[in-house]
>>> print(open('start.csv').read())   # CSV, C-alpha atoms
chain,number,residue,atom,x,y,z
A,1,MET,CA,-10.3,-13.9,19.6
A,2,ASN,CA,-11.7,-10.4,19.6
A,3,SER,CA,-12.7,-9.7,16.0
A,4,SER,CA,-12.8,-5.9,16.2
A,5,PRO,CA,-9.0,-5.3,15.5
A,6,LEU,CA,-9.4,-7.5,12.4
A,7,VAL,CA,-12.3,-5.5,11.1
A,8,ALA,CA,-10.4,-2.3,11.8
A,9,LEU,CA,-7.3,-3.6,10.0
A,10,ALA,CA,-9.3,-4.8,7.0
A,11,GLY,CA,-11.3,-1.6,6.6
A,12,TYR,CA,-8.4,0.6,7.2
A,13,PHE,CA,-5.9,-0.9,4.8
A,14,ALA,CA,-8.5,-1.5,2.1
A,15,LEU,CA,-9.3,2.2,2.2
A,16,LEU,CA,-5.7,3.2,2.4
A,17,SER,CA,-4.6,1.1,-0.6
A,18,LEU,CA,-6.9,3.1,-2.9
A,19,PHE,CA,-5.2,6.4,-2.0
A,20,ALA,CA,-1.7,5.0,-2.0
A,21,VAL,CA,-0.6,6.5,-5.4
A,22,GLY,CA,3.1,6.1,-5.5
A,23,GLY,CA,3.1,2.7,-3.8
A,24,ALA,CA,3.5,1.5,-0.2
A,25,ASN,CA,6.1,4.1,0.5
A,26,ALA,CA,3.7,6.9,-0.2
A,27,ALA,CA,1.4,5.5,2.5
A,28,ILE,CA,4.0,5.4,5.3
A,29,PRO,CA,3.0,8.7,7.0
A,30,GLU,CA,-0.7,7.6,7.0
A,31,MET,CA,0.2,4.2,8.4
A,32,HIS,CA,2.3,6.0,11.0
A,33,ARG,CA,-0.4,8.5,11.8
A,34,VAL,CA,-3.0,5.7,12.4
A,35,ALA,CA,-0.9,3.0,13.9
A,36,VAL,CA,1.1,5.2,16.3
A,37,GLU,CA,-0.9,8.4,16.9
A,38,ALA,CA,-4.5,7.5,16.5
A,39,MET,CA,-4.8,3.8,17.4
A,40,HIS,CA,-1.8,3.4,19.7
A,41,TRP,CA,-1.0,0.0,18.2
A,42,MET,CA,2.7,0.6,18.6
A,43,SER,CA,5.4,3.1,19.5
A,44,ASP,CA,7.4,5.4,17.2
A,45,ARG,CA,10.4,3.1,17.7
A,46,GLN,CA,8.5,0.0,16.9
A,47,PHE,CA,7.2,1.6,13.7
A,48,ALA,CA,10.7,2.5,12.6
A,49,ASP,CA,11.8,-1.1,13.4
A,50,MET,CA,9.1,-2.5,11.3
A,51,PHE,CA,10.0,-0.3,8.3
A,52,ALA,CA,13.7,-1.5,8.8
A,53,ILE,CA,12.6,-5.1,8.9
A,54,ALA,CA,10.5,-4.7,5.8
A,55,GLN,CA,13.4,-3.0,4.0
A,56,VAL,CA,15.9,-5.7,4.8
A,57,SER,CA,13.6,-8.5,3.8
A,58,PRO,CA,13.5,-9.4,0.1
A,59,GLY,CA,10.4,-8.6,-1.9
A,60,PRO,CA,8.0,-5.7,-2.2
A,61,ASN,CA,8.0,-2.9,0.4
A,62,VAL,CA,4.3,-3.4,1.0
A,63,ILE,CA,5.1,-6.2,3.5
A,64,ILE,CA,5.4,-3.6,6.2
A,65,VAL,CA,1.6,-3.9,6.2
A,66,THR,CA,2.0,-7.6,7.1
A,67,LEU,CA,4.2,-6.7,10.0
A,68,ILE,CA,1.8,-4.1,11.3
A,69,GLY,CA,-1.1,-6.6,11.0
A,70,TYR,CA,0.9,-9.3,12.8
A,71,HIS,CA,1.7,-6.9,15.6
A,72,VAL,CA,-1.9,-5.9,16.1
A,73,ALA,CA,-3.6,-9.3,15.8
A,74,GLY,CA,-1.2,-12.2,15.2
A,75,LEU,CA,-1.3,-14.4,12.1
A,76,ALA,CA,-4.9,-13.5,11.3
A,77,GLY,CA,-4.0,-9.8,11.5
A,78,ALA,CA,-1.1,-10.3,9.1
A,79,ALA,CA,-3.3,-12.2,6.6
A,80,VAL,CA,-6.1,-9.7,6.9
A,81,ALA,CA,-4.0,-6.6,6.6
A,82,THR,CA,-2.0,-7.9,3.6
A,83,ALA,CA,-5.1,-9.1,1.7
A,84,ALA,CA,-6.9,-5.7,2.4
A,85,MET,CA,-3.9,-3.7,1.2
A,86,CYS,CA,-3.4,-5.8,-2.0
A,87,GLY,CA,-6.9,-7.1,-2.9
A,88,PRO,CA,-8.8,-4.0,-4.0
A,89,THR,CA,-5.9,-2.6,-6.0
A,90,CYS,CA,-5.2,-5.9,-7.6
A,91,VAL,CA,-8.8,-6.1,-8.9
A,92,LEU,CA,-8.5,-2.6,-10.1
A,93,ALA,CA,-5.2,-3.3,-11.8
A,94,PHE,CA,-6.7,-6.3,-13.5
A,95,VAL,CA,-9.7,-4.4,-14.8
A,96,VAL,CA,-7.7,-1.4,-16.0
A,97,ALA,CA,-5.0,-3.6,-17.6
A,98,ARG,CA,-7.7,-5.0,-19.9
A,99,THR,CA,-8.9,-1.6,-21.2
A,100,TRP,CA,-5.9,0.6,-20.8
A,101,ASP,CA,-4.4,0.2,-24.3
A,102,ARG,CA,-7.6,1.6,-25.8
A,103,PHE,CA,-6.9,5.0,-24.2
A,104,LYS,CA,-3.2,5.1,-25.0
A,105,GLU,CA,-3.4,8.4,-26.9
A,106,ALA,CA,-6.3,9.9,-24.9
A,107,ARG,CA,-5.5,13.4,-23.6
A,108,TRP,CA,-7.3,12.7,-20.2
A,109,ARG,CA,-5.1,9.7,-19.7
A,110,MET,CA,-1.9,11.7,-20.1
A,111,ALA,CA,-3.3,14.4,-17.8
A,112,VAL,CA,-4.1,11.9,-15.1
A,113,GLN,CA,-0.7,10.2,-15.4
A,114,ALA,CA,1.2,13.5,-15.4
A,115,GLY,CA,-0.9,15.0,-12.6
A,116,LEU,CA,-0.4,12.1,-10.2
A,117,VAL,CA,3.4,12.1,-10.4
A,118,PRO,CA,3.9,15.3,-8.2
A,119,VAL,CA,1.3,14.1,-5.7
A,120,SER,CA,3.0,10.8,-5.1
A,121,LEU,CA,6.4,12.6,-5.0
A,122,GLY,CA,5.2,14.8,-2.2
A,123,LEU,CA,3.7,11.8,-0.3
A,124,ILE,CA,6.9,9.8,-0.5
A,125,GLY,CA,8.8,12.9,0.6
A,126,ALA,CA,6.6,13.0,3.6
A,127,SER,CA,7.4,9.4,4.3
A,128,CYS,CA,11.1,10.3,4.4
A,129,PHE,CA,10.3,13.0,7.0
A,130,VAL,CA,8.2,10.7,9.2
A,131,LEU,CA,10.7,7.8,9.0
A,132,ALA,CA,13.7,10.0,9.7
A,133,ARG,CA,11.9,11.5,12.7
A,134,ALA,CA,11.0,8.0,14.0
A,135,ALA,CA,14.5,6.6,13.4
A,136,ASP,CA,16.9,9.4,14.2
A,137,HIS,CA,16.9,10.0,18.0
A,138,THR,CA,20.5,11.1,18.2
A,139,ALA,CA,22.7,13.4,16.1
A,140,VAL,CA,24.8,10.5,14.9
A,141,ALA,CA,21.7,8.6,13.7
A,142,GLY,CA,20.8,11.8,11.8
A,143,LEU,CA,24.2,11.9,10.3
A,144,LEU,CA,23.9,8.2,9.3
A,145,THR,CA,20.6,9.0,7.5
A,146,ALA,CA,22.2,11.9,5.7
A,147,ALA,CA,25.3,10.0,4.7
A,148,THR,CA,23.2,7.0,3.4
A,149,ALA,CA,21.1,9.4,1.4
A,150,LEU,CA,24.1,11.0,-0.2
A,151,VAL,CA,25.9,7.7,-1.0
A,152,ALA,CA,22.7,6.1,-2.4
A,153,PHE,CA,22.0,9.2,-4.5
A,154,ALA,CA,25.5,9.6,-5.9
A,155,THR,CA,26.4,5.9,-6.5
A,156,ARG,CA,24.7,2.7,-7.6
A,157,ILE,CA,25.8,0.8,-4.5
A,158,ASN,CA,23.7,-2.2,-3.5
A,159,PRO,CA,21.5,-1.0,-0.6
A,160,LEU,CA,22.3,-4.1,1.4
A,161,PHE,CA,25.8,-2.7,2.1
A,162,LEU,CA,24.2,0.5,3.4
A,163,PHE,CA,21.9,-1.5,5.7
A,164,ALA,CA,24.9,-3.6,6.9
A,165,ALA,CA,26.9,-0.4,7.7
A,166,GLY,CA,23.9,0.9,9.7
A,167,ALA,CA,23.6,-2.4,11.5
A,168,VAL,CA,27.3,-2.4,12.5
A,169,LEU,CA,27.2,1.2,13.6
A,170,GLY,CA,24.1,0.5,15.7
A,171,LEU,CA,25.4,-2.7,17.2
A,172,THR,CA,28.7,-1.1,18.2
A,173,GLY,CA,26.8,1.5,20.1
A,174,TRP,CA,27.4,4.6,18.0
A,175,LEU,CA,23.8,5.6,17.7
B,1,MET,CA,-14.1,-8.9,-25.7
B,2,SER,CA,-10.8,-10.6,-25.7
B,3,ASP,CA,-9.7,-9.1,-29.0
B,4,SER,CA,-9.5,-5.7,-27.2
B,5,VAL,CA,-6.6,-7.1,-25.2
B,6,SER,CA,-3.5,-6.5,-27.2
B,7,PRO,CA,-1.6,-9.7,-27.8
B,8,ALA,CA,1.9,-9.8,-26.5
B,9,PRO,CA,4.0,-9.0,-29.6
B,10,ALA,CA,7.2,-10.5,-28.2
B,11,ALA,CA,7.9,-13.9,-29.7
B,12,LEU,CA,8.3,-15.6,-26.4
B,13,ARG,CA,5.3,-16.3,-24.3
B,14,PRO,CA,5.8,-17.7,-20.8
B,15,SER,CA,3.8,-20.6,-19.6
B,16,LEU,CA,2.0,-20.3,-16.2
B,17,SER,CA,4.7,-22.2,-14.4
B,18,GLU,CA,7.4,-20.1,-16.0
B,19,LEU,CA,5.5,-17.0,-15.0
B,20,PHE,CA,5.2,-18.2,-11.4
B,21,LEU,CA,8.9,-19.1,-11.1
B,22,ALA,CA,10.1,-15.9,-12.7
B,23,PHE,CA,8.2,-13.8,-10.1
B,24,VAL,CA,9.4,-16.0,-7.3
B,25,GLN,CA,12.9,-15.3,-8.4
B,26,VAL,CA,12.2,-11.5,-8.7
B,27,SER,CA,10.7,-11.5,-5.2
B,28,LEU,CA,13.7,-13.1,-3.7
B,29,SER,CA,16.3,-11.0,-5.3
B,30,GLY,CA,14.7,-7.6,-4.9
B,31,PHE,CA,16.0,-5.7,-1.9
B,32,GLY,CA,14.6,-2.2,-1.4
B,33,GLY,CA,12.0,-2.6,-4.1
B,34,ALA,CA,11.6,-5.4,-6.6
B,35,LEU,CA,10.9,-3.4,-9.9
B,36,PRO,CA,14.5,-3.1,-11.1
B,37,TRP,CA,14.8,-6.9,-10.8
B,38,ALA,CA,11.5,-7.5,-12.6
B,39,ARG,CA,12.9,-5.4,-15.5
B,40,ARG,CA,16.1,-7.4,-15.6
B,41,MET,CA,14.2,-10.7,-15.6
B,42,ILE,CA,11.6,-9.8,-18.1
B,43,VAL,CA,13.5,-7.6,-20.6
B,44,ASP,CA,17.1,-8.5,-20.3
B,45,LYS,CA,17.1,-12.2,-19.4
B,46,ARG,CA,13.9,-13.7,-20.8
B,47,GLY,CA,13.0,-11.4,-23.6
B,48,TRP,CA,9.3,-11.6,-22.8
B,49,MET,CA,8.9,-7.8,-23.4
B,50,THR,CA,10.8,-5.1,-25.2
B,51,ALA,CA,12.1,-2.2,-23.0
B,52,GLU,CA,9.3,0.0,-24.4
B,53,GLU,CA,6.6,-2.5,-23.6
B,54,PHE,CA,8.0,-2.8,-20.1
B,55,ASN,CA,8.0,1.0,-19.6
B,56,GLU,CA,4.4,1.1,-20.6
B,57,VAL,CA,3.3,-1.5,-18.2
B,58,PHE,CA,5.5,0.0,-15.6
B,59,ALA,CA,4.0,3.5,-16.0
B,60,LEU,CA,0.5,2.0,-15.7
B,61,SER,CA,1.4,0.2,-12.5
B,62,GLN,CA,2.9,3.4,-11.0
B,63,PHE,CA,-0.2,5.4,-11.8
B,64,LEU,CA,-2.6,2.9,-10.3
B,65,PRO,CA,-3.1,3.2,-6.5
B,66,GLY,CA,-1.6,0.5,-4.3
B,67,PRO,CA,1.8,-1.2,-4.2
B,68,ASN,CA,3.5,-0.7,-7.6
B,69,VAL,CA,5.2,-4.0,-8.0
B,70,ILE,CA,2.1,-5.8,-7.0
B,71,ASN,CA,0.1,-4.0,-9.7
B,72,PHE,CA,2.9,-4.7,-12.1
B,73,SER,CA,2.7,-8.5,-11.5
B,74,VAL,CA,-1.1,-8.4,-12.0
B,75,VAL,CA,-0.9,-6.3,-15.2
B,76,PHE,CA,2.0,-8.4,-16.6
B,77,GLY,CA,0.4,-11.7,-15.6
B,78,GLN,CA,-3.0,-10.8,-17.1
B,79,ARG,CA,-1.4,-9.8,-20.4
B,80,PHE,CA,0.2,-13.2,-20.8
B,81,GLY,CA,-2.2,-15.5,-19.1
B,82,GLY,CA,-5.5,-13.7,-18.3
B,83,ALA,CA,-6.9,-14.2,-14.8
B,84,ALA,CA,-4.8,-17.3,-14.1
B,85,GLY,CA,-1.6,-15.5,-15.2
B,86,ALA,CA,-2.3,-12.6,-12.9
B,87,ALA,CA,-3.0,-14.9,-10.0
B,88,VAL,CA,0.1,-16.9,-10.6
B,89,ALA,CA,2.4,-13.9,-11.0
B,90,LEU,CA,1.0,-12.3,-7.8
B,91,ALA,CA,1.4,-15.5,-5.9
B,92,GLY,CA,5.0,-15.9,-7.0
B,93,LEU,CA,5.8,-12.3,-6.1
B,94,LEU,CA,4.1,-12.2,-2.7
B,95,GLY,CA,4.4,-15.8,-1.4
B,96,PRO,CA,8.1,-16.2,-0.5
B,97,PRO,CA,8.5,-12.7,1.0
B,98,LEU,CA,5.5,-13.2,3.1
B,99,ILE,CA,6.9,-16.5,4.6
B,100,ILE,CA,10.2,-14.8,5.3
B,101,VAL,CA,8.7,-11.7,6.9
B,102,MET,CA,6.4,-13.8,9.0
B,103,VAL,CA,9.4,-15.6,10.5
B,104,LEU,CA,11.0,-12.2,11.1
B,105,ALA,CA,7.8,-10.9,12.7
B,106,VAL,CA,7.8,-13.9,15.1
B,107,LEU,CA,11.4,-13.3,16.0
B,108,TYR,CA,10.9,-9.6,16.5
B,109,ASP,CA,7.9,-10.3,18.7
B,110,ARG,CA,10.1,-12.6,20.9
B,111,TYR,CA,13.4,-10.8,20.8
B,112,GLY,CA,12.5,-7.2,19.9
B,113,ASP,CA,13.4,-6.0,23.4
B,114,LEU,CA,16.9,-7.6,23.2
B,115,ALA,CA,19.4,-4.7,23.6
B,116,ALA,CA,21.6,-5.9,20.7
B,117,LEU,CA,18.7,-6.3,18.3
B,118,THR,CA,17.3,-2.9,19.2
B,119,ARG,CA,20.7,-1.3,18.4
B,120,ILE,CA,21.0,-3.1,15.1
B,121,LEU,CA,17.5,-2.1,14.1
B,122,ALA,CA,18.1,1.5,15.1
B,123,GLY,CA,21.1,1.6,12.7
B,124,VAL,CA,19.2,-0.1,9.9
B,125,ALA,CA,16.2,2.1,10.3
B,126,ALA,CA,18.4,5.2,10.1
B,127,ALA,CA,20.0,3.9,6.9
B,128,ALA,CA,16.6,2.9,5.5
B,129,ALA,CA,15.3,6.4,5.9
B,130,GLY,CA,18.3,7.7,4.1
B,131,LEU,CA,17.8,5.3,1.2
B,132,LEU,CA,14.3,6.5,0.8
B,133,ILE,CA,15.5,10.1,0.7
B,134,ALA,CA,17.8,9.2,-2.1
B,135,VAL,CA,14.9,7.7,-4.1
B,136,VAL,CA,12.8,10.8,-3.6
B,137,ALA,CA,15.7,13.0,-4.6
B,138,LYS,CA,16.1,11.0,-7.9
B,139,MET,CA,12.4,11.3,-8.6
B,140,ALA,CA,12.3,15.0,-7.7
B,141,ALA,CA,15.3,16.1,-9.9
B,142,PRO,CA,13.5,16.1,-13.2
B,143,LEU,CA,10.4,17.7,-11.7
B,144,PHE,CA,12.2,20.6,-10.0
B,145,ARG,CA,14.3,21.2,-13.1
B,146,LYS,CA,11.2,22.5,-14.8
B,147,GLY,CA,11.7,25.8,-12.8
B,148,LEU,CA,8.6,27.8,-12.3
B,149,HIS,CA,5.9,25.1,-12.8
B,150,TRP,CA,2.9,23.8,-11.0
B,151,ALA,CA,4.3,20.3,-10.5
B,152,PRO,CA,6.9,21.1,-7.8
B,153,LEU,CA,4.3,23.2,-6.0
B,154,VAL,CA,1.8,20.3,-5.9
B,155,ALA,CA,4.6,18.1,-4.5
B,156,ILE,CA,5.4,20.6,-1.8
B,157,LEU,CA,1.8,21.0,-0.8
B,158,ALA,CA,1.3,17.2,-0.5
B,159,PHE,CA,4.4,17.1,1.6
B,160,ILE,CA,3.3,19.9,3.9
B,161,GLY,CA,-0.2,18.5,4.3
B,162,VAL,CA,0.9,15.0,5.2
B,163,ALA,CA,4.3,15.5,6.9
B,164,LEU,CA,3.8,18.8,8.7
B,165,MET,CA,0.0,19.2,9.2
B,166,HIS,CA,-0.6,15.5,9.8
B,167,TRP,CA,-3.7,15.5,7.7
B,168,PRO,CA,-5.2,12.1,6.7
B,169,LEU,CA,-3.9,10.9,3.4
B,170,PRO,CA,-7.4,10.5,1.8
B,171,TRP,CA,-8.2,14.2,2.4
B,172,VAL,CA,-4.9,15.5,1.0
B,173,PHE,CA,-5.3,13.2,-2.0
B,174,VAL,CA,-8.9,14.2,-2.7
B,175,ALA,CA,-7.9,17.9,-2.4
B,176,LEU,CA,-4.7,17.8,-4.5
B,177,ALA,CA,-5.1,15.0,-7.1
B,178,PRO,CA,-8.0,16.7,-9.0
B,179,LEU,CA,-6.2,20.0,-8.9
B,180,SER,CA,-3.0,18.5,-10.2
B,181,ILE,CA,-4.7,16.6,-13.0
B,182,ALA,CA,-6.6,19.7,-14.0
B,183,LEU,CA,-3.3,21.6,-14.1
B,184,ALA,CA,-1.7,18.8,-16.2
B,185,TRP,CA,-4.7,19.1,-18.6
B,186,VAL,CA,-4.3,22.8,-19.0
B,187,ARG,CA,-0.5,23.1,-19.1
B,188,PRO,CA,1.2,19.8,-19.6
>>> encode(input="start.csv", output="structure tokens")
Amino acid sequence: MNSSPLVALAGYFALLSLFAVGGANAAIPEMHRVAVEAMHWMSDRQFADMFAIAQVSPGPNVIIVTLIGYHVAGLAGAAVATAAMCGPTCVLAFVVARTWDRFKEARWRMAVQAGLVPVSLGLIGASCFVLARAADHTAVAGLLTAATALVAFATRINPLFLFAAGAVLGLTGWL
Amino acid sequence: MSDSVSPAPAALRPSLSELFLAFVQVSLSGFGGALPWARRMIVDKRGWMTAEEFNEVFALSQFLPGPNVINFSVVFGQRFGGAAGAAVALAGLLGPPLIIVMVLAVLYDRYGDLAALTRILAGVAAAAAGLLIAVVAKMAAPLFRKGLHWAPLVAILAFIGVALMHWPLPWVFVALAPLSIALAWVRP
């Protein structure tokens, strides 16, 4: 097997993970930029599909990385991409967890914590934009996105019902 | 060294196998993000942490880079069982979803071009985008309620840089994060 896609996946996701403040969802636009626009690993549609699959699967959202890795380089790609996205930050989390309590009242700690919130908010907002553009090719799809956002914002409905509604609308050819 | 690690004050301390099984359960019940389920398990059902302790660990995992709930499992696991605890919690959280998503990946690879599946995924993808918009709106509400403040401005700049200008995330981050932290230092 050609090893260069594996090296690219490992280096790319390891780097990305360190800037993904706000979680996997904050890194969606960057994954999209690289996987679709720069590396041409997949189409816009395929990227939206993978996000959808990652959302309907149980567990952390980060498994979209596993799907991208699998798409690029099979099982080895899935393993490498997942390990690269989780490994460095796990080590960091482990180290920080052992010392964090010492700085509980430190002013710099509060500044760092408060300063990063708006950055991650903007990044996740950008994810919405990228995902809606990749997923909404018709006006009805756009309406479905807007309606889902409204319902999810105003109620505490289980997201699975919203996914199911989307699936039914899609299957019956409304989109 | 180890006395710098605060001992878990809650009376109940999970064993390694309890830790593993708890995170397996969290991973399998969490759709659209696993953290709310982690809270239910750890605070409400098992009493391993008080709500306050949970919030602290939660804040730390959000502030660290990388997947939040993964960070959470590592921080939580290390608090109760050191390196072994962290490894066990992480394995429990990531193992079952990985197996499931690999099956889905193989199916998608084989049947992704099927017209019916394409249509279903188009609907789910549109709904999934809407769900994320709702999450952002809930996060943004308290921030934008501050009125004239630097925080909403930073969020808007990050959005413009990544969504509209298509700049690489590391650049946007390196430009904005220090600025934002400095502003938080000067006027919290």
>>> axis_aligned_box(input="start.csv", around="region 36-41 of chain B", padding_each_side="3 Å", output="AutoDock Vina command-line options")
--center_x 13.8 --center_y -6.9 --center_z -13.2 --size_x 10.6 --size_y 13.6 --size_z 10.8
>>> residues_around(input="start.csv", residues="region 51-67 of chain B", least_positions_apart="2", cutoff="7 Å", atoms="only C-alpha atoms", output="list in words")
Ser17, Leu18, Phe19, Ala20, Val21, Gly22, Gly23, Ala24, Val62, Cys86, Thr89, Ala93, Gln113 and Leu116 of chain A; Val43, Met49, Val69, Ile70, Asn71 and Phe72 of chain B
>>> residues_around(input="start.csv", residues="Val7 (chain A)", least_positions_apart="3", cutoff="12 Å", atoms="only C-alpha atoms", output="JSON, numbers by chain")
{"A": [2, 3, 4, 10, 11, 12, 13, 14, 69, 72, 73, 76, 77, 80, 81, 84]}
>>> closest_atom_pairs(input="start.csv", of="region 13-105 of chain A", to="region 137-159 of chain A", cutoff="12 Å", atoms="all atoms listed in the file", output="CSV")
residue,atom,partner,partner_atom,distance
A:Asp44,CA,A:His137,CA,10.6
A:Arg45,CA,A:His137,CA,9.5
A:Ala48,CA,A:His137,CA,11.1
A:Gln55,CA,A:Pro159,CA,9.5
A:Val56,CA,A:Pro159,CA,9.1
A:Ser57,CA,A:Pro159,CA,11.7
A:Pro58,CA,A:Pro159,CA,11.6
>>> write_last_selection(input="start.csv", atoms="C-alpha atoms", output="mmCIF file, keeping the file's coordinate frame")
data_model
loop_
_atom_site.group_PDB
_atom_site.id
_atom_site.type_symbol
_atom_site.label_atom_id
_atom_site.label_comp_id
_atom_site.auth_asym_id
_atom_site.auth_seq_id
_atom_site.Cartn_x
_atom_site.Cartn_y
_atom_site.Cartn_z
ATOM 1 C CA ASP A 44 7.400 5.400 17.200
ATOM 2 C CA ARG A 45 10.400 3.100 17.700
ATOM 3 C CA ALA A 48 10.700 2.500 12.600
ATOM 4 C CA GLN A 55 13.400 -3.000 4.000
ATOM 5 C CA VAL A 56 15.900 -5.700 4.800
ATOM 6 C CA SER A 57 13.600 -8.500 3.800
ATOM 7 C CA PRO A 58 13.500 -9.400 0.100
#
>>> atom_distance(input="start.csv", atom1="CA of Ala35 (chain A)", atom2="CA of Gly122 (chain A)")
20.9 Å
>>> closest_residue(input="start.csv", among="A:Leu121, A:Leu75, A:Leu6, A:Val168", to="Asn25 (chain A)", atoms="only C-alpha atoms")
A:Leu121
